[in-house]
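File shown: work_14.txt. Contents: compact mmCIF, C-alpha atoms.
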# COMPACT_ATOMS: atom_id res chain seq x y z
CA MET A 1 128.78 156.69 59.27
CA ASP A 2 131.37 154.75 57.30
CA GLU A 3 129.11 154.79 54.24
CA LEU A 4 128.82 158.59 54.41
CA GLY A 5 132.58 158.97 54.40
CA SER A 6 133.17 156.47 51.60
CA ARG A 7 130.47 158.00 49.38
CA ALA A 8 131.87 161.49 49.95
CA ALA A 9 135.38 160.26 49.12
CA ALA A 10 134.12 158.64 45.92
CA LEU A 11 132.40 161.86 44.90
CA VAL A 12 135.64 163.81 45.44
CA ALA A 13 137.60 161.25 43.42
CA ARG A 14 135.21 161.77 40.50
CA ASN A 15 135.38 165.57 40.79
CA PRO A 16 138.87 166.44 42.07
CA ARG A 17 138.82 169.99 40.71
CA ASP A 18 135.58 171.13 42.30
CA ALA A 19 135.20 168.96 45.42
CA ARG A 20 137.40 168.53 48.49
CA LEU A 21 137.09 166.52 51.69
CA ARG A 22 138.64 167.85 54.88
CA ARG A 23 138.83 166.87 58.51
CA VAL A 24 137.73 169.80 60.69
CA GLY A 25 137.66 168.11 64.08
CA THR A 26 137.36 164.87 65.98
CA SER A 27 134.48 163.43 67.97
CA ARG A 28 134.68 162.38 71.60
CA SER A 29 135.42 158.79 70.57
CA GLY A 30 137.99 159.81 67.94
CA ILE A 31 135.87 159.71 64.77
CA PRO A 32 136.91 162.39 62.21
CA LEU A 33 134.46 165.21 61.55
CA LEU A 34 134.53 165.47 57.77
CA LEU A 35 133.65 168.52 55.70
CA LEU A 36 132.81 168.09 52.01
CA CYS A 37 133.38 171.31 50.04
CA VAL A 38 132.03 171.99 46.55
CA GLY A 39 132.84 175.08 44.51
CA HIS A 40 135.36 177.91 44.80
CA GLY A 41 133.18 180.96 45.42
CA SER A 42 133.81 183.62 48.02
CA ARG A 43 130.32 183.37 49.57
CA GLN A 44 130.08 180.46 51.97
CA VAL A 45 127.19 178.12 52.69
CA LEU A 46 127.46 175.84 55.72
CA VAL A 47 125.18 172.79 55.96
CA VAL A 48 125.33 170.74 59.16
CA ALA A 49 124.05 167.15 59.13
CA GLY A 50 123.34 164.91 62.09
CA PRO A 51 123.06 167.36 65.00
CA HIS A 52 120.56 164.94 66.54
CA ALA A 53 121.82 161.39 66.44
CA ASN A 54 118.44 159.78 65.72
CA GLU A 55 117.82 162.02 62.69
CA PRO A 56 119.98 160.49 59.94
CA VAL A 57 118.34 161.98 56.85
CA GLY A 58 120.75 164.95 56.83
CA GLY A 59 123.72 162.74 55.92
CA ALA A 60 122.02 161.61 52.71
CA THR A 61 120.85 165.16 52.06
CA VAL A 62 124.36 166.68 52.13
CA LEU A 63 125.50 164.12 49.58
CA ARG A 64 122.52 164.98 47.37
CA LEU A 65 123.31 168.69 47.76
CA ALA A 66 126.92 168.06 46.73
CA GLU A 67 125.74 166.24 43.60
CA ARG A 68 123.35 169.09 42.76
CA ALA A 69 126.03 171.73 43.27
CA LEU A 70 128.47 169.83 41.05
CA ALA A 71 125.86 169.40 38.32
CA ASP A 72 124.47 172.95 38.35
CA PRO A 73 127.02 175.79 38.07
CA ARG A 74 124.30 178.27 39.06
CA LEU A 75 124.73 176.97 42.61
CA THR A 76 128.49 177.62 42.64
CA GLU A 77 130.08 179.87 39.99
CA GLY A 78 126.81 181.58 39.17
CA ALA A 79 126.25 182.51 42.81
CA ASP A 80 129.96 182.97 43.71
CA ALA A 81 129.32 180.30 46.35
CA THR A 82 131.14 177.45 48.06
CA TRP A 83 129.09 174.70 49.66
CA ASN A 84 130.58 173.42 52.95
CA LEU A 85 128.80 170.22 53.94
CA LEU A 86 129.49 168.69 57.36
CA LEU A 87 128.69 164.99 56.98
CA SER A 88 127.78 164.49 60.66
CA VAL A 89 128.42 166.66 63.68
CA ASP A 90 127.62 163.76 66.06
CA PRO A 91 129.08 160.61 64.49
CA ASP A 92 129.28 158.88 67.88
CA GLY A 93 125.55 159.21 68.36
CA LEU A 94 124.85 158.18 64.78
CA ARG A 95 126.70 154.91 65.35
CA ARG A 96 124.47 154.21 68.35
CA ASN A 97 121.43 154.27 66.05
CA GLU A 98 122.75 151.67 63.64
CA GLY A 99 120.42 149.07 65.14
CA TRP A 100 117.50 150.49 63.16
CA LEU A 101 119.19 152.38 60.31
CA SER A 102 119.45 149.35 58.04
CA GLY A 103 115.72 148.66 58.35
CA PRO A 104 113.12 147.36 58.22
CA TYR A 105 111.68 150.77 59.07
CA THR A 106 108.98 150.04 61.63
CA LEU A 107 108.02 152.16 64.61
CA GLY A 108 108.79 149.34 67.01
CA ARG A 109 112.27 148.71 65.62
CA TYR A 110 113.01 152.44 65.68
CA ALA A 111 111.81 152.85 69.29
CA ARG A 112 113.75 149.87 70.65
CA ASN A 113 116.99 151.00 68.97
CA PHE A 114 116.57 154.76 69.41
CA PHE A 115 119.44 156.80 70.80
CA ARG A 116 119.88 160.48 71.37
CA PRO A 117 122.34 161.83 73.95
CA GLY A 118 121.35 163.89 76.96
CA PHE A 119 120.58 167.54 76.34
CA LEU A 120 123.96 168.73 77.57
CA GLU A 121 125.74 166.32 75.19
CA GLN A 122 124.08 167.57 72.00
CA PRO A 123 126.59 169.46 69.82
CA GLU A 124 124.39 172.43 68.87
CA TRP A 125 123.55 173.38 72.44
CA LEU A 126 125.40 176.25 74.13
CA PRO A 127 123.71 176.42 77.55
CA ASP A 128 126.71 178.25 79.03
CA GLY A 129 127.53 180.29 75.92
CA PRO A 130 130.08 179.67 73.14
CA ASP A 131 133.12 180.58 75.24
CA ARG A 132 132.41 177.71 77.64
CA ALA A 133 131.57 175.03 75.08
CA VAL A 134 133.21 171.79 76.16
CA LEU A 135 132.26 169.18 73.55
CA PRO A 136 134.91 168.81 70.81
CA GLU A 137 132.13 168.55 68.22
CA THR A 138 130.68 171.87 69.38
CA ARG A 139 134.07 173.59 69.38
CA ALA A 140 134.76 172.32 65.86
CA LEU A 141 131.42 173.68 64.63
CA LEU A 142 131.96 177.07 66.30
CA THR A 143 135.44 177.31 64.76
CA LEU A 144 134.00 176.47 61.37
CA GLN A 145 131.36 179.19 61.70
CA ASP A 146 133.93 181.78 62.74
CA GLU A 147 136.25 180.87 59.87
CA LEU A 148 133.63 180.71 57.12
CA ARG A 149 131.28 183.50 58.21
CA PRO A 150 128.61 181.92 56.00
CA PHE A 151 125.78 183.93 54.53
CA LEU A 152 123.58 180.84 55.05
CA GLN A 153 123.74 178.02 57.58
CA CYS A 154 121.33 175.09 57.31
CA SER A 155 120.99 172.64 60.18
CA LEU A 156 119.41 169.39 59.00
CA HIS A 157 116.98 167.81 61.44
CA GLY A 158 114.36 165.10 61.23
CA VAL A 159 110.95 164.72 62.86
CA ASP A 160 110.39 161.09 63.78
CA VAL A 161 106.57 161.32 63.59
CA GLY A 162 104.75 164.43 62.33
CA GLY A 163 105.45 166.84 59.49
CA GLY A 164 108.02 169.12 57.92
CA PHE A 165 108.71 172.69 58.99
CA VAL A 166 111.53 175.25 59.04
CA GLU A 167 112.87 177.52 61.80
CA VAL A 168 114.82 180.60 60.72
CA THR A 169 116.77 183.37 62.43
CA HIS A 170 115.78 185.89 59.73
CA ASP A 171 112.66 186.17 57.61
CA LEU A 172 113.06 184.85 54.07
CA PRO A 173 109.99 186.13 52.20
CA GLY A 174 108.69 183.49 49.84
CA LEU A 175 110.04 180.50 51.80
CA ALA A 176 106.63 179.38 53.04
CA GLN A 177 105.30 179.25 49.48
CA ARG A 178 108.31 177.23 48.31
CA ILE A 179 107.83 174.77 51.16
CA ALA A 180 104.13 174.42 50.40
CA HIS A 181 104.88 173.59 46.75
CA THR A 182 107.62 171.09 47.64
CA ALA A 183 105.55 169.40 50.33
CA ALA A 184 102.57 169.03 48.00
CA ARG A 185 104.70 167.59 45.18
CA LEU A 186 106.34 165.03 47.46
CA GLY A 187 103.41 164.14 49.70
CA VAL A 188 105.06 165.43 52.89
CA PRO A 189 102.67 166.99 55.45
CA ARG A 190 103.55 170.48 56.69
CA GLU A 191 103.50 170.85 60.47
CA LEU A 192 101.42 173.97 61.07
CA GLY A 193 101.60 173.91 64.87
CA ALA A 194 104.97 172.40 65.74
CA TYR A 195 105.50 171.63 69.43
CA ASP A 196 109.06 172.99 69.27
CA THR A 197 107.79 176.40 68.15
CA LEU A 198 104.66 176.72 70.27
CA TYR A 199 105.60 180.17 71.59
CA TRP A 200 107.57 181.39 68.55
CA PRO A 201 106.51 183.97 65.94
CA ASP A 202 104.90 182.50 62.83
CA LEU A 203 106.40 183.73 59.52
CA GLY A 204 104.04 181.74 57.33
CA PRO A 205 102.63 178.20 57.24
CA ALA A 206 105.29 175.80 58.63
CA VAL A 207 107.91 178.60 58.94
CA TYR A 208 108.85 179.92 62.39
CA ARG A 209 111.17 182.65 63.66
CA ILE A 210 113.84 181.51 66.13
CA PRO A 211 113.72 183.91 69.10
CA PRO A 212 116.80 185.26 70.87
CA PRO A 213 118.01 182.87 73.58
CA ARG A 214 117.31 183.72 77.18
CA ARG A 215 118.65 182.45 80.46
CA GLY A 216 116.59 180.14 82.61
CA ASP A 217 116.68 176.79 84.33
CA LEU A 218 117.34 173.62 82.35
CA THR A 219 113.72 172.54 82.10
CA ALA A 220 112.64 175.96 80.83
CA ALA A 221 115.34 175.90 78.16
CA ILE A 222 114.38 172.39 77.07
CA THR A 223 110.63 172.84 77.03
CA GLU A 224 110.72 176.23 75.31
CA ALA A 225 113.76 175.61 73.04
CA ALA A 226 115.09 179.01 74.08
CA VAL A 227 118.65 178.02 74.96
CA ASP A 228 121.67 179.59 73.27
CA SER A 229 122.88 177.45 70.38
CA THR A 230 125.10 177.27 67.33
CA TRP A 231 122.04 178.36 65.34
CA CYS A 232 122.43 181.87 66.72
CA HIS A 233 126.21 182.09 67.11
CA PRO A 234 126.98 183.32 63.54
CA ARG A 235 124.35 186.10 63.62
CA ARG A 236 127.27 188.49 64.20
CA TYR A 237 128.34 187.80 60.61
CA GLY A 238 124.88 188.43 59.17
CA THR A 239 124.33 184.68 58.76
CA VAL A 240 120.83 183.41 58.11
CA THR A 241 120.30 180.08 59.86
CA ALA A 242 117.56 177.73 58.68
CA VAL A 243 116.74 174.61 60.69
CA VAL A 244 115.14 172.21 58.21
CA GLU A 245 112.93 169.50 59.71
CA ALA A 246 111.93 166.51 57.53
CA PRO A 247 109.57 163.80 58.87
CA MET A 248 110.24 160.06 58.82
CA TRP A 249 106.65 159.03 59.54
CA GLY A 250 104.11 161.55 58.28
CA VAL A 251 100.84 162.43 60.02
CA ALA A 252 98.39 164.29 57.79
CA ALA A 253 96.55 165.90 60.71
CA VAL A 254 99.54 168.12 61.60
CA ALA A 255 98.54 170.17 58.54
CA ASP A 256 94.98 170.75 59.77
CA GLY A 257 94.70 174.43 60.60
CA SER A 258 91.01 174.31 61.49
CA PRO A 259 89.71 175.37 64.93
CA PRO A 260 89.50 172.41 67.33
CA ALA A 261 86.11 171.17 68.49
CA ASP A 262 87.16 170.64 72.12
CA GLN A 263 90.56 172.18 72.84
CA ASP A 264 90.45 171.80 76.62
CA GLY A 265 89.25 168.23 76.40
CA VAL A 266 92.13 167.26 74.11
CA LEU A 267 94.66 169.08 76.30
CA ARG A 268 93.40 167.28 79.41
CA SER A 269 93.67 163.94 77.62
CA VAL A 270 97.22 164.62 76.37
CA SER A 271 98.38 165.84 79.79
CA ARG A 272 96.77 162.90 81.60
CA ALA A 273 98.38 160.38 79.23
CA LEU A 274 101.83 161.97 79.64
CA ARG A 275 101.55 161.96 83.45
CA HIS A 276 100.36 158.35 83.46
CA ASP A 277 103.22 157.16 81.22
CA THR A 278 105.75 159.17 83.24
CA GLN A 279 104.65 157.48 86.47
CA ARG A 280 104.98 154.06 84.85
CA LEU A 281 108.45 154.93 83.56
CA HIS A 282 109.57 156.23 86.96
CA ARG A 283 108.54 152.95 88.56
CA VAL A 284 110.41 150.94 85.92
CA LEU A 285 113.55 153.04 86.34
CA ALA A 286 113.45 152.73 90.14
CA ARG A 287 113.40 148.94 89.84
CA LEU A 288 116.05 148.84 87.11
CA ARG A 289 118.60 151.40 88.34
CA PRO A 290 120.21 149.19 91.08
CA HIS A 291 121.14 146.65 88.40
CA LEU A 292 122.96 149.09 86.10
CA ALA A 293 126.18 149.79 88.01
CA THR A 294 128.20 147.30 85.94
CA VAL A 295 126.36 147.64 82.62
CA PRO A 296 128.69 148.99 79.88
CA GLY A 297 127.54 152.29 78.42
CA ALA A 298 124.69 152.66 80.91
CA ALA A 299 125.52 156.31 81.62
CA HIS A 300 125.01 157.30 77.96
CA LEU A 301 121.52 155.80 78.00
CA LEU A 302 120.58 157.04 81.48
CA ALA A 303 121.40 160.69 80.73
CA PRO A 304 118.59 161.18 78.20
CA VAL A 305 116.22 159.06 80.32
CA ASP A 306 116.76 161.38 83.29
CA ASP A 307 116.33 164.44 81.04
CA TYR A 308 113.03 163.22 79.60
CA LEU A 309 111.64 162.30 83.01
CA LEU A 310 112.67 165.74 84.27
CA VAL A 311 110.73 167.67 81.62
CA CYS A 312 107.66 165.45 81.24
CA PRO A 313 105.85 166.70 84.39
CA ARG A 314 106.53 170.33 83.45
CA LEU A 315 105.12 169.82 79.97
CA ALA A 316 102.05 168.02 81.32
CA ASP A 317 101.38 170.97 83.64
CA ALA A 318 102.01 173.53 80.88
CA TRP A 319 99.48 171.84 78.58
CA ASP A 320 96.81 171.12 81.21
CA PRO A 321 94.07 173.82 81.21
CA ASP A 322 93.28 172.97 84.85
CA THR A 323 96.85 173.34 86.16
CA ASP A 324 98.96 176.42 86.88
CA ASP A 325 102.51 175.52 85.85
CA GLY A 326 103.97 178.62 87.52
CA SER A 327 105.28 180.16 84.30
CA GLY A 328 102.75 182.99 84.35
CA ARG A 329 101.72 182.59 80.73
CA CYS A 330 98.95 180.85 78.86
CA LEU A 331 99.01 178.65 75.81
CA PRO A 332 98.71 180.56 72.52
CA PRO A 333 95.58 180.22 70.35
CA MET A 334 95.55 176.66 69.10
CA SER A 335 94.43 174.92 65.93
CA THR A 336 93.77 171.24 65.41
CA ALA A 337 97.36 171.00 64.11
CA HIS A 338 98.71 172.30 67.43
CA LEU A 339 96.75 169.74 69.42
CA VAL A 340 97.89 166.90 67.19
CA ALA A 341 101.50 168.08 67.56
CA LEU A 342 101.19 168.08 71.37
CA ARG A 343 99.73 164.58 71.31
CA LEU A 344 102.63 163.39 69.16
CA ALA A 345 105.17 165.16 71.39
CA GLY A 346 103.83 163.66 74.61
CA ARG A 347 103.84 160.19 73.09
CA ARG A 348 107.32 160.82 71.68
CA LEU A 349 108.80 161.55 75.11
CA SER A 350 107.36 158.44 76.75
CA LEU A 351 108.20 156.21 73.79
CA ARG A 352 111.80 157.41 73.64
CA THR A 353 112.23 156.87 77.37
CA ALA A 354 110.75 153.39 77.18
CA GLY A 355 113.02 152.53 74.24
CA LEU A 356 116.15 153.68 76.05
CA LEU A 357 115.18 151.72 79.17
CA HIS A 358 114.50 148.69 76.97
CA GLN A 359 118.09 148.88 75.71
CA LEU A 360 119.40 149.16 79.25
CA VAL A 361 117.54 145.97 80.19
CA THR A 362 118.91 144.05 77.20
CA ARG A 363 122.44 145.16 78.11
CA THR A 364 122.12 143.50 81.50
CA GLY A 365 122.05 140.17 79.69
CA GLY A 366 118.65 139.28 81.11
CA ASP A 367 115.87 141.01 82.98
CA PRO A 368 117.05 141.16 86.59
CA ALA A 369 114.36 143.67 87.61
CA GLY A 370 111.53 141.93 85.75
CA VAL A 371 110.56 145.11 83.87
CA LEU A 372 110.84 144.00 80.25
CA PRO A 373 107.14 143.06 79.85
CA GLU A 374 106.08 146.50 81.08
CA LEU A 375 108.54 148.23 78.73
CA ASP A 376 107.32 146.15 75.79
CA ARG A 377 103.74 147.18 76.63
CA LEU A 378 104.75 150.86 76.74
CA VAL A 379 106.54 150.62 73.39
CA ASP A 380 103.73 148.66 71.74
CA GLU A 381 101.07 151.04 73.06
CA GLY A 382 102.99 154.08 71.83
CA CYS A 383 103.59 152.61 68.38
CA ALA A 384 99.93 151.57 68.10
CA ASP A 385 98.82 155.11 69.01
CA TYR A 386 101.07 156.55 66.31
CA ARG A 387 100.07 153.97 63.70
CA ASP A 388 96.36 153.51 64.41
CA GLY A 389 95.39 156.58 66.40
CA CYS A 390 97.36 159.16 64.41
CA ALA A 391 97.58 157.36 61.03
CA ALA A 392 101.39 157.71 60.90
CA ARG A 393 102.83 156.44 57.60
CA TRP A 394 106.44 155.86 56.61
CA ILE A 395 107.86 158.34 54.10
CA PRO A 396 110.44 156.65 51.84
CA VAL A 397 113.99 157.82 52.49
CA ALA A 398 114.44 159.11 48.95
CA ARG A 399 111.43 161.39 49.42
CA GLN A 400 112.67 162.62 52.81
CA VAL A 401 116.01 163.50 51.21
CA GLU A 402 114.45 165.20 48.21
CA TYR A 403 112.16 167.27 50.41
CA GLN A 404 115.00 168.44 52.62
CA THR A 405 117.24 169.13 49.62
CA ARG A 406 114.62 171.30 47.91
CA VAL A 407 113.97 173.29 51.09
CA VAL A 408 117.70 173.97 51.52
CA LEU A 409 117.99 175.08 47.89
CA ALA A 410 115.00 177.40 48.34
CA ALA A 411 116.61 178.92 51.45
CA PHE A 412 119.88 179.29 49.51
CA GLU A 413 118.22 181.15 46.66
CA LEU A 414 116.32 183.49 48.98
CA ALA A 415 119.21 184.13 51.39
CA ALA A 416 121.58 184.83 48.50
CA ARG A 417 119.50 187.90 47.65
CA ARG A 418 120.12 189.45 51.06
CA PRO A 419 123.10 191.77 51.62
CA THR A 420 125.59 190.05 53.89
CA ALA A 421 128.91 190.58 55.60
CA GLY A 422 131.99 189.26 53.84
CA SER A 423 132.54 185.55 54.23
CA ARG A 424 135.91 183.92 54.33
CA SER A 425 137.37 181.58 51.80
CA GLY A 426 136.78 177.85 52.02
CA GLU A 427 140.11 177.16 50.34
CA PRO A 428 143.11 175.41 52.00
CA GLY A 429 144.45 177.05 55.10
CA TRP A 430 141.24 178.10 56.79
CA GLY A 431 140.41 174.87 58.62
CA SER A 432 140.71 174.06 62.29
CA GLU A 433 143.08 171.19 61.47
CA ALA A 434 145.35 170.19 58.63
CA ALA A 435 143.46 168.85 55.65
CA VAL A 436 143.55 165.06 55.49
CA PRO A 437 142.34 163.36 52.30
CA MET A 438 139.70 160.76 53.10
CA HIS A 439 141.65 157.90 51.56
CA ARG A 440 144.50 158.57 54.00
CA GLU A 441 142.32 158.56 57.15
Now that the file is in, can you turn its structure into structure tokens?
Amino acid sequence: MDELGSRAAALVARNPRDARLRRVGTSRSGIPLLLLCVGHGSRQVLVVAGPHANEPVGGATVLRLAERALADPRLTEGADATWNLLLSVDPDGLRRNEGWLSGPYTLGRYARNFFRPGFLEQPEWLPDGPDRAVLPETRALLTLQDELRPFLQCSLHGVDVGGGFVEVTHDLPGLAQRIAHTAARLGVPRELGAYDTLYWPDLGPAVYRIPPPRRGDLTAAITEAAVDSTWCHPRRYGTVTAVVEAPMWGVAAVADGSPPADQDGVLRSVSRALRHDTQRLHRVLARLRPHLATVPGAAHLLAPVDDYLLVCPRLADAWDPDTDDGSGRCLPPMSTAHLVALRLAGRRLSLRTAGLLHQLVTRTGGDPAGVLPELDRLVDEGCADYRDGCAARWIPVARQVEYQTRVVLAAFELAARRPTAGSRSGEPGWGSEAAVPMHRE
């Protein structure tokens, strides 16, 4: 987090006429939310990095985008555009991932140092609507959207294991072809059956239409990604939102659109594995929970654990061809890519939960419940399945950043062609707080 701020400040110092750094809010722990602005155009672009704390690639991407915009006037003066780049909307969560961010980048190190807050503590979520948003990070982002009225908003996400894809609120014809070209050039697999978008309209290979949010219980919102969010809030201004997912570990099979040989057999296997891991994790948590009352920061780690263990049984039922999950709807037609994505998603949930519990044990200063060997087995089994069973391979950070940067620039070019409502100036006076130069923070 500190490196992001210092690099942004250095970029502004080198380009004082065309770049500015502003504080637009403060995190729950008091960390400034910093907005890097490039250009002086009347049409606003808003790029949000770090909405999920364990997905750090967006921070490097916004810096790369700033460099591109400064070097290429077609992205600023030529398009009458200002780039507004939020360095991290969840800096508190990003700090909690610093145990793996410096490398080495192995699945085991990532899993044992993984952090992502509970669903209700993620800044882009609006489960009770924008008027009842309580997180300061969320309120700062909503204020920014209302002030800028951007014609394009890009939310930068990262897939830990899988492939790249994009979710959009409006169709951008030609985006799928641009993504295909970029992915092929950089060796990034496209996720053709993303778990997040299982029930969403398909706008082209690896491009999905974000549906309108609908009310429902928490597990329905989580498992179907249909909750209200800051992705949809600026629709009233004609804003196109693109959620750009870039993978850390790529799995080639997520790009396999062929018909599966045994769909029901794979679904039964995935559901059975998720139920089995969930039972193991419940037993571990039951033994560990009595020892956590005095552990510092335990609540932050327990919140996502409880969330994951809440949704795992529902997902296992939804995927199992022999079980009626009570939702009244069937799975859509599935390709091999869909089945691989479900396998990765089930493993992801159990591996994340095991990693968070592993951190809770280490914070006790020992292993009072005697659960560490079981957690190590769960983590090692999950990593081995990713590495050996799914052929997951690390994608160098520079390539992750370049992929995400090119997808954002493609969305920018295509969205700029659409008629849009007037956007407000990004010049001094619009912000939610007084501008504070980075070197004075």
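Nearest to Glu191 in chain A of all the residues A:Gln153, A:Thr336, A:Thr364, A:Ser27 is A:Thr336, counting all atoms listed in the file.
Comparing A:Gly162, A:Gly366, A:Pro205, A:Pro373 by their smallest distance to His181 in chain A, the closest is A:Pro205 (using only C-alpha atoms).
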Just want the 7 Å neighbourhood of Leu175 in chain A, counted on only C-alpha atoms, with same-chain residues fewer than 4 positions away dropped. Output as a PDB file with C-alpha atoms, in the frame of the given file.
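Output contents, as saved in part.pdb:
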ATOM      1  CA  ILE A 179     107.830 174.770  51.160  1.00  0.00           C
ATOM      2  CA  ALA A 410     115.000 177.400  48.340  1.00  0.00           C
ATOM      3  CA  ALA A 411     116.610 178.920  51.450  1.00  0.00           C
TER       4      ALA A 411
END
key: Distance of CA of Ile210 in chain A from CA of Arg235 in chain A, expressed in Å to one decimal place   = 11.7 Å
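CA of Ser155 in chain A to CA of Ala298 in chain A spans 29.0 Å [interatomic distance, one decimal].
Each of A:Leu35, A:Leu135, A:Ala341, A:Ala416 was checked against Ala81 in chain A using only C-alpha atoms; the smallest atom-to-atom distance is that of A:Ala416.
Minimum atom-to-atom distance to Leu302 in chain A, evaluated using only C-alpha atoms, belongs to A:Leu356 out of A:Ala206, A:Met334, A:Leu356, A:Ala255.
Take CA of Ser335 in chain A and CA of Leu203 in chain A: the distance between them is 16.2 Å.
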Need to verify the contact set: range 379-393 of chain A, 7 Å, all atoms listed in the file, exclusion of same-chain residues closer than 2 positions in sequence. Can you return it as an mmCIF file with C-alpha atoms, in the coordinates of the input?
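Done, and the output landed in result_8.cif:
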data_model
loop_
_atom_site.group_PDB
_atom_site.id
_atom_site.type_symbol
_atom_site.label_atom_id
_atom_site.label_comp_id
_atom_site.auth_asym_id
_atom_site.auth_seq_id
_atom_site.Cartn_x
_atom_site.Cartn_y
_atom_site.Cartn_z
ATOM 1 C CA LEU A 107 108.020 152.160 64.610
ATOM 2 C CA GLY A 108 108.790 149.340 67.010
ATOM 3 C CA VAL A 161 106.570 161.320 63.590
ATOM 4 C CA TRP A 249 106.650 159.030 59.540
ATOM 5 C CA GLY A 250 104.110 161.550 58.280
ATOM 6 C CA VAL A 251 100.840 162.430 60.020
ATOM 7 C CA ARG A 347 103.840 160.190 73.090
ATOM 8 C CA LEU A 351 108.200 156.210 73.790
ATOM 9 C CA ALA A 354 110.750 153.390 77.180
ATOM 10 C CA GLY A 355 113.020 152.530 74.240
ATOM 11 C CA LEU A 375 108.540 148.230 78.730
ATOM 12 C CA ASP A 376 107.320 146.150 75.790
ATOM 13 C CA ARG A 377 103.740 147.180 76.630
ATOM 14 C CA ILE A 395 107.860 158.340 54.100
#
task = Extract, using all atoms listed in the file, all DNA, RNA and protein residues at most 7 Å from Val284 in chain A, discarding same-chain residues fewer than 4 positions from it, and format them as an MDAnalysis selection string.
result = chainID A and resid 280 288 371
task = Have a look at A:Ala111, A:Val188, A:Ala133, A:Leu342 and name the one nearest to Val266 in chain A; count only C-alpha atoms.
result = A:Leu342
task = Give as a ChimeraX atom specification the set of residues within 9 Å of the point (127.5, 154.3, 71.3), where distances use the file's coordinates and only C-alpha atoms.
result = /A:92-97,115,297,300
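Each of A:Ala194, A:Cys330, A:Ala415, A:Leu4 was compared to Val57 in chain A using all atoms listed in the file, and A:Leu4 turns out to be the nearest.
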For range 416-420 of chain A, take all atoms listed in the file, fit an axis-aligned box around them, add 4 Å to each of the six sides, then output centre and edge lengths in Å rounded to one decimal, as lines of an AutoDock Vina configuration file.
center_x = 122.5
center_y = 188.3
center_z = 50.8
size_x = 14.1
size_y = 14.9
size_z = 14.2
message = Taking 3 positions as the minimum chain separation for residues in the same chain, which residues sit within 9 Å of Trp319 in chain A when counting only C-alpha atoms? Answer as a PyMOL selection string.
response = chain A and resi 267-268+270-271+314-316+322-323+325+331+342
How would the residues just chosen look if you wrote them out with C-alpha atoms as a short mmCIF file (atom, residue, chain, number, x, y, z; two decimals), keeping the file's coordinate frame?
data_model
loop_
_atom_site.label_atom_id
_atom_site.label_comp_id
_atom_site.auth_asym_id
_atom_site.auth_seq_id
_atom_site.Cartn_x
_atom_site.Cartn_y
_atom_site.Cartn_z
CA LEU A 267 94.66 169.08 76.30
CA ARG A 268 93.40 167.28 79.41
CA VAL A 270 97.22 164.62 76.37
CA SER A 271 98.38 165.84 79.79
CA ARG A 314 106.53 170.33 83.45
CA LEU A 315 105.12 169.82 79.97
CA ALA A 316 102.05 168.02 81.32
CA ASP A 322 93.28 172.97 84.85
CA THR A 323 96.85 173.34 86.16
CA ASP A 325 102.51 175.52 85.85
CA LEU A 331 99.01 178.65 75.81
CA LEU A 342 101.19 168.08 71.37
#
Some atoms are absent from range 278-285 of chain A, so rebuild N, CA, C and O atoms and return them as a PDB file, keeping the file's coordinate frame.
ATOM      1  N   THR A 278     104.574 158.760  82.461  1.00  0.00           N
ATOM      2  CA  THR A 278     105.750 159.170  83.240  1.00  0.00           C
ATOM      3  C   THR A 278     105.808 158.417  84.562  1.00  0.00           C
ATOM      4  O   THR A 278     106.887 157.974  84.989  1.00  0.00           O
ATOM      5  N   GLN A 279     104.674 158.248  85.216  1.00  0.00           N
ATOM      6  CA  GLN A 279     104.650 157.480  86.470  1.00  0.00           C
ATOM      7  C   GLN A 279     105.071 156.033  86.236  1.00  0.00           C
ATOM      8  O   GLN A 279     105.844 155.463  87.030  1.00  0.00           O
ATOM      9  N   ARG A 280     104.584 155.435  85.171  1.00  0.00           N
ATOM     10  CA  ARG A 280     104.980 154.060  84.850  1.00  0.00           C
ATOM     11  C   ARG A 280     106.476 153.963  84.608  1.00  0.00           C
ATOM     12  O   ARG A 280     107.152 153.037  85.083  1.00  0.00           O
ATOM     13  N   LEU A 281     107.022 154.938  83.877  1.00  0.00           N
ATOM     14  CA  LEU A 281     108.450 154.930  83.560  1.00  0.00           C
ATOM     15  C   LEU A 281     109.294 155.156  84.807  1.00  0.00           C
ATOM     16  O   LEU A 281     110.368 154.540  84.965  1.00  0.00           O
ATOM     17  N   HIS A 282     108.851 156.023  85.703  1.00  0.00           N
ATOM     18  CA  HIS A 282     109.570 156.230  86.960  1.00  0.00           C
ATOM     19  C   HIS A 282     109.637 154.927  87.758  1.00  0.00           C
ATOM     20  O   HIS A 282     110.694 154.594  88.336  1.00  0.00           O
ATOM     21  N   ARG A 283     108.544 154.208  87.810  1.00  0.00           N
ATOM     22  CA  ARG A 283     108.540 152.950  88.560  1.00  0.00           C
ATOM     23  C   ARG A 283     109.498 151.937  87.938  1.00  0.00           C
ATOM     24  O   ARG A 283     110.227 151.222  88.645  1.00  0.00           O
ATOM     25  N   VAL A 284     109.498 151.862  86.601  1.00  0.00           N
ATOM     26  CA  VAL A 284     110.410 150.940  85.920  1.00  0.00           C
ATOM     27  C   VAL A 284     111.860 151.317  86.219  1.00  0.00           C
ATOM     28  O   VAL A 284     112.687 150.452  86.546  1.00  0.00           O
ATOM     29  N   LEU A 285     112.176 152.598  86.118  1.00  0.00           N
ATOM     30  CA  LEU A 285     113.550 153.040  86.340  1.00  0.00           C
ATOM     31  C   LEU A 285     113.987 152.767  87.776  1.00  0.00           C
ATOM     32  O   LEU A 285     115.132 152.344  88.010  1.00  0.00           O
TER      33      LEU A 285
END
